[in-house]
Every structure is written in C-alpha cells, then in structure tokens.
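Below is my_file_32.txt, which holds compact mmCIF, N, CA and C atoms.
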# COMPACT_ATOMS: atom_id res chain seq x y z
N MET M 1 135.21 -75.36 25.02
CA MET M 1 134.65 -75.52 26.34
C MET M 1 135.08 -74.32 27.16
N SER M 2 134.13 -73.68 27.81
CA SER M 2 134.46 -72.61 28.73
C SER M 2 134.13 -73.10 30.14
N PHE M 3 134.80 -72.51 31.13
CA PHE M 3 134.58 -72.93 32.50
C PHE M 3 134.75 -71.75 33.45
N ILE M 4 134.08 -71.86 34.60
CA ILE M 4 134.17 -70.85 35.64
C ILE M 4 134.00 -71.53 36.99
N HIS M 5 134.69 -71.00 37.98
CA HIS M 5 134.57 -71.55 39.33
C HIS M 5 133.59 -70.70 40.11
N GLN M 6 132.44 -71.28 40.43
CA GLN M 6 131.40 -70.66 41.26
C GLN M 6 130.74 -71.78 42.03
N GLU M 7 131.17 -71.97 43.27
CA GLU M 7 130.67 -73.09 44.07
C GLU M 7 130.83 -74.39 43.30
N GLY M 8 132.00 -74.63 42.81
CA GLY M 8 132.32 -75.77 41.95
C GLY M 8 132.67 -75.24 40.57
N TRP M 9 133.11 -76.13 39.72
CA TRP M 9 133.51 -75.76 38.36
C TRP M 9 132.36 -76.04 37.40
N HIS M 10 131.93 -75.03 36.67
CA HIS M 10 130.85 -75.14 35.69
C HIS M 10 131.44 -75.05 34.29
N CYS M 11 131.19 -76.06 33.50
CA CYS M 11 131.73 -76.13 32.13
C CYS M 11 130.58 -76.08 31.13
N LYS M 12 130.74 -75.23 30.13
CA LYS M 12 129.75 -75.10 29.06
C LYS M 12 130.46 -75.28 27.73
N PHE M 13 129.68 -75.63 26.73
CA PHE M 13 130.22 -75.89 25.40
C PHE M 13 129.50 -75.02 24.38
N LEU M 14 130.27 -74.47 23.45
CA LEU M 14 129.72 -73.70 22.34
C LEU M 14 130.05 -74.41 21.05
N ASP M 15 129.15 -74.26 20.08
CA ASP M 15 129.39 -74.82 18.76
C ASP M 15 130.48 -74.03 18.06
N TRP M 16 130.90 -74.47 16.89
CA TRP M 16 132.01 -73.88 16.16
C TRP M 16 131.85 -72.38 15.91
N ASP M 17 130.60 -71.89 15.86
CA ASP M 17 130.37 -70.46 15.60
C ASP M 17 130.59 -69.59 16.84
N LEU M 18 130.86 -70.22 17.98
CA LEU M 18 131.09 -69.55 19.26
C LEU M 18 129.89 -68.73 19.73
N MET M 19 128.72 -69.01 19.18
CA MET M 19 127.51 -68.32 19.59
C MET M 19 126.42 -69.29 20.03
N THR M 20 126.44 -70.48 19.46
CA THR M 20 125.39 -71.45 19.72
C THR M 20 125.79 -72.36 20.88
N PRO M 21 125.08 -72.25 22.03
CA PRO M 21 125.41 -73.14 23.15
C PRO M 21 124.94 -74.57 22.85
N LEU M 22 125.74 -75.51 23.25
CA LEU M 22 125.34 -76.92 23.15
C LEU M 22 124.64 -77.30 24.45
N PRO M 23 123.73 -78.26 24.41
CA PRO M 23 122.89 -78.53 25.58
C PRO M 23 123.60 -79.16 26.77
N ARG M 24 124.77 -79.69 26.59
CA ARG M 24 125.46 -80.38 27.68
C ARG M 24 126.27 -79.39 28.53
N GLU M 25 126.08 -79.44 29.83
CA GLU M 25 126.88 -78.69 30.78
C GLU M 25 127.43 -79.69 31.79
N LEU M 26 128.64 -79.45 32.24
CA LEU M 26 129.26 -80.32 33.24
C LEU M 26 129.59 -79.51 34.48
N ARG M 27 129.52 -80.16 35.62
CA ARG M 27 129.91 -79.54 36.89
C ARG M 27 130.87 -80.47 37.60
N PHE M 28 131.95 -79.88 38.08
CA PHE M 28 132.98 -80.65 38.78
C PHE M 28 133.34 -79.99 40.09
N ARG M 29 133.75 -80.78 41.04
CA ARG M 29 134.32 -80.27 42.29
C ARG M 29 135.83 -80.09 42.15
N ASP M 30 136.44 -80.94 41.36
CA ASP M 30 137.89 -81.01 41.24
C ASP M 30 138.33 -80.43 39.89
N PRO M 31 139.20 -79.42 39.89
CA PRO M 31 139.63 -78.84 38.61
C PRO M 31 140.41 -79.81 37.73
N ARG M 32 140.91 -80.89 38.30
CA ARG M 32 141.60 -81.89 37.47
C ARG M 32 140.66 -82.52 36.46
N LYS M 33 139.36 -82.50 36.74
CA LYS M 33 138.37 -83.02 35.80
C LYS M 33 138.29 -82.15 34.55
N ILE M 34 138.55 -80.86 34.70
CA ILE M 34 138.59 -79.97 33.54
C ILE M 34 139.75 -80.39 32.64
N CYS M 35 140.89 -80.65 33.25
CA CYS M 35 142.06 -81.10 32.48
C CYS M 35 141.78 -82.43 31.79
N GLU M 36 141.10 -83.32 32.48
CA GLU M 36 140.76 -84.62 31.90
C GLU M 36 139.81 -84.46 30.71
N THR M 37 138.82 -83.59 30.86
CA THR M 37 137.89 -83.32 29.77
C THR M 37 138.62 -82.73 28.57
N ALA M 38 139.52 -81.80 28.83
CA ALA M 38 140.31 -81.20 27.75
C ALA M 38 141.19 -82.24 27.07
N ARG M 39 141.78 -83.13 27.85
CA ARG M 39 142.62 -84.19 27.29
C ARG M 39 141.79 -85.11 26.41
N ARG M 40 140.64 -85.53 26.90
CA ARG M 40 139.78 -86.43 26.12
C ARG M 40 139.26 -85.77 24.85
N GLY M 41 139.12 -84.45 24.90
CA GLY M 41 138.65 -83.71 23.73
C GLY M 41 139.79 -83.21 22.85
N HIS M 42 140.99 -83.72 23.10
CA HIS M 42 142.18 -83.38 22.30
C HIS M 42 142.45 -81.87 22.29
N GLY M 43 142.20 -81.24 23.45
CA GLY M 43 142.41 -79.81 23.57
C GLY M 43 143.79 -79.43 24.09
N LEU M 44 144.57 -80.41 24.52
CA LEU M 44 145.89 -80.13 25.06
C LEU M 44 146.94 -80.61 24.07
N ARG M 45 146.99 -79.95 22.94
CA ARG M 45 147.84 -80.39 21.83
C ARG M 45 149.31 -80.10 22.03
N ASP M 46 149.63 -79.13 22.87
CA ASP M 46 151.04 -78.79 23.08
C ASP M 46 151.23 -78.20 24.48
N GLU M 47 152.47 -77.92 24.82
CA GLU M 47 152.79 -77.39 26.14
C GLU M 47 152.15 -76.02 26.38
N LYS M 48 152.08 -75.20 25.35
CA LYS M 48 151.46 -73.89 25.48
C LYS M 48 149.99 -74.02 25.88
N ALA M 49 149.27 -74.95 25.28
CA ALA M 49 147.87 -75.18 25.62
C ALA M 49 147.73 -75.66 27.06
N ARG M 50 148.62 -76.54 27.49
CA ARG M 50 148.59 -77.04 28.87
C ARG M 50 148.84 -75.91 29.87
N LEU M 51 149.83 -75.10 29.59
CA LEU M 51 150.15 -73.98 30.49
C LEU M 51 149.02 -72.96 30.53
N SER M 52 148.42 -72.70 29.39
CA SER M 52 147.31 -71.76 29.31
C SER M 52 146.12 -72.28 30.13
N LEU M 53 145.83 -73.56 30.01
CA LEU M 53 144.74 -74.15 30.78
C LEU M 53 145.04 -74.08 32.27
N ASP M 54 146.24 -74.39 32.67
CA ASP M 54 146.62 -74.30 34.09
C ASP M 54 146.42 -72.89 34.62
N GLN M 55 146.85 -71.89 33.85
CA GLN M 55 146.71 -70.49 34.27
C GLN M 55 145.23 -70.10 34.38
N ALA M 56 144.42 -70.53 33.43
CA ALA M 56 142.99 -70.21 33.47
C ALA M 56 142.33 -70.84 34.70
N ILE M 57 142.70 -72.06 35.03
CA ILE M 57 142.15 -72.71 36.22
C ILE M 57 142.56 -71.93 37.46
N LYS M 58 143.81 -71.52 37.54
CA LYS M 58 144.28 -70.73 38.69
C LYS M 58 143.52 -69.42 38.81
N SER M 59 143.15 -68.81 37.69
CA SER M 59 142.44 -67.54 37.73
C SER M 59 140.94 -67.73 38.00
N GLY M 60 140.44 -68.93 37.84
CA GLY M 60 139.04 -69.21 38.15
C GLY M 60 138.09 -69.23 36.97
N SER M 61 138.60 -68.96 35.77
CA SER M 61 137.75 -69.05 34.58
C SER M 61 138.62 -69.09 33.33
N GLY M 62 138.04 -69.61 32.27
CA GLY M 62 138.78 -69.68 31.02
C GLY M 62 138.09 -70.59 30.03
N GLY M 63 138.87 -71.03 29.06
CA GLY M 63 138.32 -71.91 28.05
C GLY M 63 139.43 -72.65 27.34
N VAL M 64 139.02 -73.67 26.62
CA VAL M 64 139.97 -74.47 25.86
C VAL M 64 139.27 -74.94 24.59
N TRP M 65 139.98 -74.88 23.48
CA TRP M 65 139.46 -75.38 22.20
C TRP M 65 139.55 -76.90 22.22
N LEU M 66 138.46 -77.54 21.86
CA LEU M 66 138.43 -79.00 21.76
C LEU M 66 138.43 -79.39 20.29
N HIS M 67 139.06 -80.51 20.00
CA HIS M 67 139.12 -81.07 18.64
C HIS M 67 138.56 -82.49 18.73
N LEU M 68 137.28 -82.62 18.49
CA LEU M 68 136.55 -83.84 18.83
C LEU M 68 136.21 -84.70 17.64
N THR M 69 135.95 -85.94 17.97
CA THR M 69 135.45 -86.85 16.95
C THR M 69 133.99 -86.52 16.66
N GLN M 70 133.50 -86.99 15.56
CA GLN M 70 132.09 -86.77 15.22
C GLN M 70 131.19 -87.39 16.28
N ALA M 71 131.56 -88.54 16.81
CA ALA M 71 130.75 -89.20 17.84
C ALA M 71 130.71 -88.35 19.12
N GLN M 72 131.83 -87.78 19.51
CA GLN M 72 131.86 -86.93 20.70
C GLN M 72 130.99 -85.69 20.50
N TYR M 73 131.10 -85.09 19.33
CA TYR M 73 130.30 -83.91 19.01
C TYR M 73 128.81 -84.23 19.06
N GLN M 74 128.42 -85.32 18.45
CA GLN M 74 127.01 -85.70 18.44
C GLN M 74 126.49 -85.98 19.85
N ALA M 75 127.34 -86.56 20.69
CA ALA M 75 126.93 -86.84 22.07
C ALA M 75 126.63 -85.53 22.81
N LEU M 76 127.41 -84.51 22.58
CA LEU M 76 127.15 -83.21 23.21
C LEU M 76 125.94 -82.52 22.61
N LYS M 77 125.88 -82.55 21.31
CA LYS M 77 124.83 -81.82 20.60
C LYS M 77 123.44 -82.41 20.85
N SER M 78 123.35 -83.70 21.02
CA SER M 78 122.04 -84.33 21.18
C SER M 78 121.72 -84.65 22.63
N SER M 79 122.53 -84.20 23.54
CA SER M 79 122.33 -84.52 24.95
C SER M 79 121.04 -83.92 25.48
N ASN M 80 120.25 -84.76 26.14
CA ASN M 80 119.04 -84.29 26.80
C ASN M 80 119.33 -83.90 28.24
N ASN M 81 120.47 -84.33 28.76
CA ASN M 81 120.86 -84.04 30.12
C ASN M 81 121.70 -82.77 30.12
N VAL M 82 121.18 -81.68 30.69
CA VAL M 82 121.89 -80.41 30.62
C VAL M 82 122.90 -80.22 31.73
N THR M 83 122.90 -81.08 32.73
CA THR M 83 123.96 -81.02 33.72
C THR M 83 124.47 -82.41 33.96
N GLY M 84 125.73 -82.52 34.26
CA GLY M 84 126.32 -83.83 34.50
C GLY M 84 127.52 -83.70 35.40
N THR M 85 128.07 -84.83 35.78
CA THR M 85 129.22 -84.81 36.66
C THR M 85 130.40 -85.53 36.06
N GLY M 86 130.25 -86.10 34.89
CA GLY M 86 131.34 -86.84 34.27
C GLY M 86 131.99 -86.06 33.17
N THR M 87 132.86 -86.75 32.44
CA THR M 87 133.53 -86.10 31.32
C THR M 87 133.00 -86.64 30.00
N GLN M 88 131.80 -87.17 30.02
CA GLN M 88 131.22 -87.67 28.78
C GLN M 88 130.85 -86.50 27.89
N GLY M 89 130.93 -86.74 26.61
CA GLY M 89 130.49 -85.75 25.66
C GLY M 89 131.50 -84.65 25.46
N ASP M 90 131.69 -84.31 24.26
CA ASP M 90 132.56 -83.22 23.86
C ASP M 90 131.94 -82.64 22.60
N ALA M 91 132.55 -81.66 22.02
CA ALA M 91 131.97 -81.07 20.83
C ALA M 91 133.03 -80.92 19.75
N HIS M 92 132.72 -81.34 18.56
CA HIS M 92 133.66 -81.25 17.43
C HIS M 92 134.02 -79.79 17.20
N ASN M 93 135.31 -79.50 17.35
CA ASN M 93 135.80 -78.12 17.17
C ASN M 93 134.99 -77.11 17.97
N ALA M 94 134.65 -77.46 19.18
CA ALA M 94 133.89 -76.55 20.03
C ALA M 94 134.81 -75.95 21.08
N LYS M 95 134.34 -74.87 21.64
CA LYS M 95 135.08 -74.26 22.74
C LYS M 95 134.22 -74.32 23.97

Do you think you could lay out the structure here as structure tokens?
Amino acid sequence: MSFIHQEGWHCKFLDWDLMTPLPRELRFRDPRKICETARRGHGLRDEKARLSLDQAIKSGSGGVWLHLTQAQYQALKSSNNVTGTGTQGDAHNAK
C-alpha cells in the first residue's frame, strides 16, 4: 500500500509485481486510519516497520508492505468501488 497526503490521505494498492495497480483506493482524513489499515493487513510486523510507517506519515508519503489473507486480497482485486473511506480490502503481499 502506498500513500500520499494531498488534501487528505490517498492510499493505493499494487499487486505483488509492484506494477499492476489494484482497483481499490482509499481516502482518509486521519493518518491513524493508515496505521489501522496497515495493522489489519499485517504490515506492522515489528518495531522497525512501525517506526518506518510513522516517519513516512510525518513526511507526507510512503508505503507499507501488507501480508494479507486470500480473502483480503480478493476483496481488493475484485473491488468495483475505486474510492472508499474505510479500511476494507487489502491485497495479498501487496504494497
């Protein structure tokens, strides 16, 4: 999952090849939602990952590797809704 702050936080997902965008995009007002999405996607595996995510949020852009279930991946990959406000959907081994 990659994210950038531009009039809110915009989150995008790439497939495992880091070239293929997945159809689901999320937008948040609160950067804590990025942390929640990363947590749900098992992207905060250790303290280093947490600190790196905090630093990226402070700088206004960054990314986090997600380690998702097959169901989470399918939810992102088959999503017809390209923008959302929740933390639904993640991508199996996506960034």

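Using only C-alpha atoms, the shortest contact distance between Lys58 of chain M and any of M:Leu22, M:Arg39, M:His5, M:Arg45 is found at M:His5.
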
Requested in this report: Please report, as a PyMOL selection string, each residue of chain M to which DSSP assigns helix (DSSP H, G or I) when run on this structure's backbone.
Outcome: chain M and resi 32-40+47-59+70-77

Export of the given selection (N, CA and C atoms) as a PDB file, keeping the file's coordinate frame:
ATOM      1  N   ARG M  32     140.910 -80.890  38.300  1.00  0.00           N
ATOM      2  CA  ARG M  32     141.600 -81.890  37.470  1.00  0.00           C
ATOM      3  C   ARG M  32     140.660 -82.520  36.460  1.00  0.00           C
ATOM      4  N   LYS M  33     139.360 -82.500  36.740  1.00  0.00           N
ATOM      5  CA  LYS M  33     138.370 -83.020  35.800  1.00  0.00           C
ATOM      6  C   LYS M  33     138.290 -82.150  34.550  1.00  0.00           C
ATOM      7  N   ILE M  34     138.550 -80.860  34.700  1.00  0.00           N
ATOM      8  CA  ILE M  34     138.590 -79.970  33.540  1.00  0.00           C
ATOM      9  C   ILE M  34     139.750 -80.390  32.640  1.00  0.00           C
ATOM     10  N   CYS M  35     140.890 -80.650  33.250  1.00  0.00           N
ATOM     11  CA  CYS M  35     142.060 -81.100  32.480  1.00  0.00           C
ATOM     12  C   CYS M  35     141.780 -82.430  31.790  1.00  0.00           C
ATOM     13  N   GLU M  36     141.100 -83.320  32.480  1.00  0.00           N
ATOM     14  CA  GLU M  36     140.760 -84.620  31.900  1.00  0.00           C
ATOM     15  C   GLU M  36     139.810 -84.460  30.710  1.00  0.00           C
ATOM     16  N   THR M  37     138.820 -83.590  30.860  1.00  0.00           N
ATOM     17  CA  THR M  37     137.890 -83.320  29.770  1.00  0.00           C
ATOM     18  C   THR M  37     138.620 -82.730  28.570  1.00  0.00           C
ATOM     19  N   ALA M  38     139.520 -81.800  28.830  1.00  0.00           N
ATOM     20  CA  ALA M  38     140.310 -81.200  27.750  1.00  0.00           C
ATOM     21  C   ALA M  38     141.190 -82.240  27.070  1.00  0.00           C
ATOM     22  N   ARG M  39     141.780 -83.130  27.850  1.00  0.00           N
ATOM     23  CA  ARG M  39     142.620 -84.190  27.290  1.00  0.00           C
ATOM     24  C   ARG M  39     141.790 -85.110  26.410  1.00  0.00           C
ATOM     25  N   ARG M  40     140.640 -85.530  26.900  1.00  0.00           N
ATOM     26  CA  ARG M  40     139.780 -86.430  26.120  1.00  0.00           C
ATOM     27  C   ARG M  40     139.260 -85.770  24.850  1.00  0.00           C
ATOM     28  N   GLU M  47     152.470 -77.920  24.820  1.00  0.00           N
ATOM     29  CA  GLU M  47     152.790 -77.390  26.140  1.00  0.00           C
ATOM     30  C   GLU M  47     152.150 -76.020  26.380  1.00  0.00           C
ATOM     31  N   LYS M  48     152.080 -75.200  25.350  1.00  0.00           N
ATOM     32  CA  LYS M  48     151.460 -73.890  25.480  1.00  0.00           C
ATOM     33  C   LYS M  48     149.990 -74.020  25.880  1.00  0.00           C
ATOM     34  N   ALA M  49     149.270 -74.950  25.280  1.00  0.00           N
ATOM     35  CA  ALA M  49     147.870 -75.180  25.620  1.00  0.00           C
ATOM     36  C   ALA M  49     147.730 -75.660  27.060  1.00  0.00           C
ATOM     37  N   ARG M  50     148.620 -76.540  27.490  1.00  0.00           N
ATOM     38  CA  ARG M  50     148.590 -77.040  28.870  1.00  0.00           C
ATOM     39  C   ARG M  50     148.840 -75.910  29.870  1.00  0.00           C
ATOM     40  N   LEU M  51     149.830 -75.100  29.590  1.00  0.00           N
ATOM     41  CA  LEU M  51     150.150 -73.980  30.490  1.00  0.00           C
ATOM     42  C   LEU M  51     149.020 -72.960  30.530  1.00  0.00           C
ATOM     43  N   SER M  52     148.420 -72.700  29.390  1.00  0.00           N
ATOM     44  CA  SER M  52     147.310 -71.760  29.310  1.00  0.00           C
ATOM     45  C   SER M  52     146.120 -72.280  30.130  1.00  0.00           C
ATOM     46  N   LEU M  53     145.830 -73.560  30.010  1.00  0.00           N
ATOM     47  CA  LEU M  53     144.740 -74.150  30.780  1.00  0.00           C
ATOM     48  C   LEU M  53     145.040 -74.080  32.270  1.00  0.00           C
ATOM     49  N   ASP M  54     146.240 -74.390  32.670  1.00  0.00           N
ATOM     50  CA  ASP M  54     146.620 -74.300  34.090  1.00  0.00           C
ATOM     51  C   ASP M  54     146.420 -72.890  34.620  1.00  0.00           C
ATOM     52  N   GLN M  55     146.850 -71.890  33.850  1.00  0.00           N
ATOM     53  CA  GLN M  55     146.710 -70.490  34.270  1.00  0.00           C
ATOM     54  C   GLN M  55     145.230 -70.100  34.380  1.00  0.00           C
ATOM     55  N   ALA M  56     144.420 -70.530  33.430  1.00  0.00           N
ATOM     56  CA  ALA M  56     142.990 -70.210  33.470  1.00  0.00           C
ATOM     57  C   ALA M  56     142.330 -70.840  34.700  1.00  0.00           C
ATOM     58  N   ILE M  57     142.700 -72.060  35.030  1.00  0.00           N
ATOM     59  CA  ILE M  57     142.150 -72.710  36.220  1.00  0.00           C
ATOM     60  C   ILE M  57     142.560 -71.930  37.460  1.00  0.00           C
ATOM     61  N   LYS M  58     143.810 -71.520  37.540  1.00  0.00           N
ATOM     62  CA  LYS M  58     144.280 -70.730  38.690  1.00  0.00           C
ATOM     63  C   LYS M  58     143.520 -69.420  38.810  1.00  0.00           C
ATOM     64  N   SER M  59     143.150 -68.810  37.690  1.00  0.00           N
ATOM     65  CA  SER M  59     142.440 -67.540  37.730  1.00  0.00           C
ATOM     66  C   SER M  59     140.940 -67.730  38.000  1.00  0.00           C
ATOM     67  N   GLN M  70     133.500 -86.990  15.560  1.00  0.00           N
ATOM     68  CA  GLN M  70     132.090 -86.770  15.220  1.00  0.00           C
ATOM     69  C   GLN M  70     131.190 -87.390  16.280  1.00  0.00           C
ATOM     70  N   ALA M  71     131.560 -88.540  16.810  1.00  0.00           N
ATOM     71  CA  ALA M  71     130.750 -89.200  17.840  1.00  0.00           C
ATOM     72  C   ALA M  71     130.710 -88.350  19.120  1.00  0.00           C
ATOM     73  N   GLN M  72     131.830 -87.780  19.510  1.00  0.00           N
ATOM     74  CA  GLN M  72     131.860 -86.930  20.700  1.00  0.00           C
ATOM     75  C   GLN M  72     130.990 -85.690  20.500  1.00  0.00           C
ATOM     76  N   TYR M  73     131.100 -85.090  19.330  1.00  0.00           N
ATOM     77  CA  TYR M  73     130.300 -83.910  19.010  1.00  0.00           C
ATOM     78  C   TYR M  73     128.810 -84.230  19.060  1.00  0.00           C
ATOM     79  N   GLN M  74     128.420 -85.320  18.450  1.00  0.00           N
ATOM     80  CA  GLN M  74     127.010 -85.700  18.440  1.00  0.00           C
ATOM     81  C   GLN M  74     126.490 -85.980  19.850  1.00  0.00           C
ATOM     82  N   ALA M  75     127.340 -86.560  20.690  1.00  0.00           N
ATOM     83  CA  ALA M  75     126.930 -86.840  22.070  1.00  0.00           C
ATOM     84  C   ALA M  75     126.630 -85.530  22.810  1.00  0.00           C
ATOM     85  N   LEU M  76     127.410 -84.510  22.580  1.00  0.00           N
ATOM     86  CA  LEU M  76     127.150 -83.210  23.210  1.00  0.00           C
ATOM     87  C   LEU M  76     125.940 -82.520  22.610  1.00  0.00           C
ATOM     88  N   LYS M  77     125.880 -82.550  21.310  1.00  0.00           N
ATOM     89  CA  LYS M  77     124.830 -81.820  20.600  1.00  0.00           C
ATOM     90  C   LYS M  77     123.440 -82.410  20.850  1.00  0.00           C
TER      91      LYS M  77
END

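From atom C of Asp30 of chain M back to atom CA of Asp17 of chain M, the distance works out to 27.4 Å.
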
Report task. Pick out each residue of chain M that DSSP on the backbone tags as strand (DSSP E or B); I need them as a PyMOL selection string. Result -> chain M and resi 2-5+9-14+21-28+61-63+84

**Report entry** Shell of 8 Å around Ser52 of chain M, only N, CA and C atoms, local chain residues under 6 positions omitted, as a list in words
**Finding:** Asp46, Lys58, Gly62, Gly63 and Val64 of chain M

Give me a file of those residues, with N, CA and C atoms, as a compact mmCIF listing (two decimals), keeping the file's coordinate frame.
# COMPACT_ATOMS: atom_id res chain seq x y z
N ASP M 46 149.63 -79.13 22.87
CA ASP M 46 151.04 -78.79 23.08
C ASP M 46 151.23 -78.20 24.48
N LYS M 58 143.81 -71.52 37.54
CA LYS M 58 144.28 -70.73 38.69
C LYS M 58 143.52 -69.42 38.81
N GLY M 62 138.04 -69.61 32.27
CA GLY M 62 138.78 -69.68 31.02
C GLY M 62 138.09 -70.59 30.03
N GLY M 63 138.87 -71.03 29.06
CA GLY M 63 138.32 -71.91 28.05
C GLY M 63 139.43 -72.65 27.34
N VAL M 64 139.02 -73.67 26.62
CA VAL M 64 139.97 -74.47 25.86
C VAL M 64 139.27 -74.94 24.59

Report summary line: In Å and to one decimal, atom N of Thr69 of chain M is distant from atom C of Gly41 of chain M by 6.8 Å

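Across the model, the gap from atom CA of Lys77 of chain M to atom CA of Arg24 of chain M is 7.3 Å.
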
Requested in this report: Show which residues sit within 8 Å of Ile4 of chain M, as a VMD selection string. Count only N, CA and C atoms, and ignore same-chain residues fewer than 3 positions away.
Outcome: chain M and resid 1 7 to 12 59 to 63

Report task. Could you tell me which of M:Leu26, M:Pro21, M:Ile34, M:Ala49 comes closest to Trp65 of chain M if we count only C-alpha atoms? Result ->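 That would be M:Ala49, the residue with the smallest distance to Trp65 of chain M.
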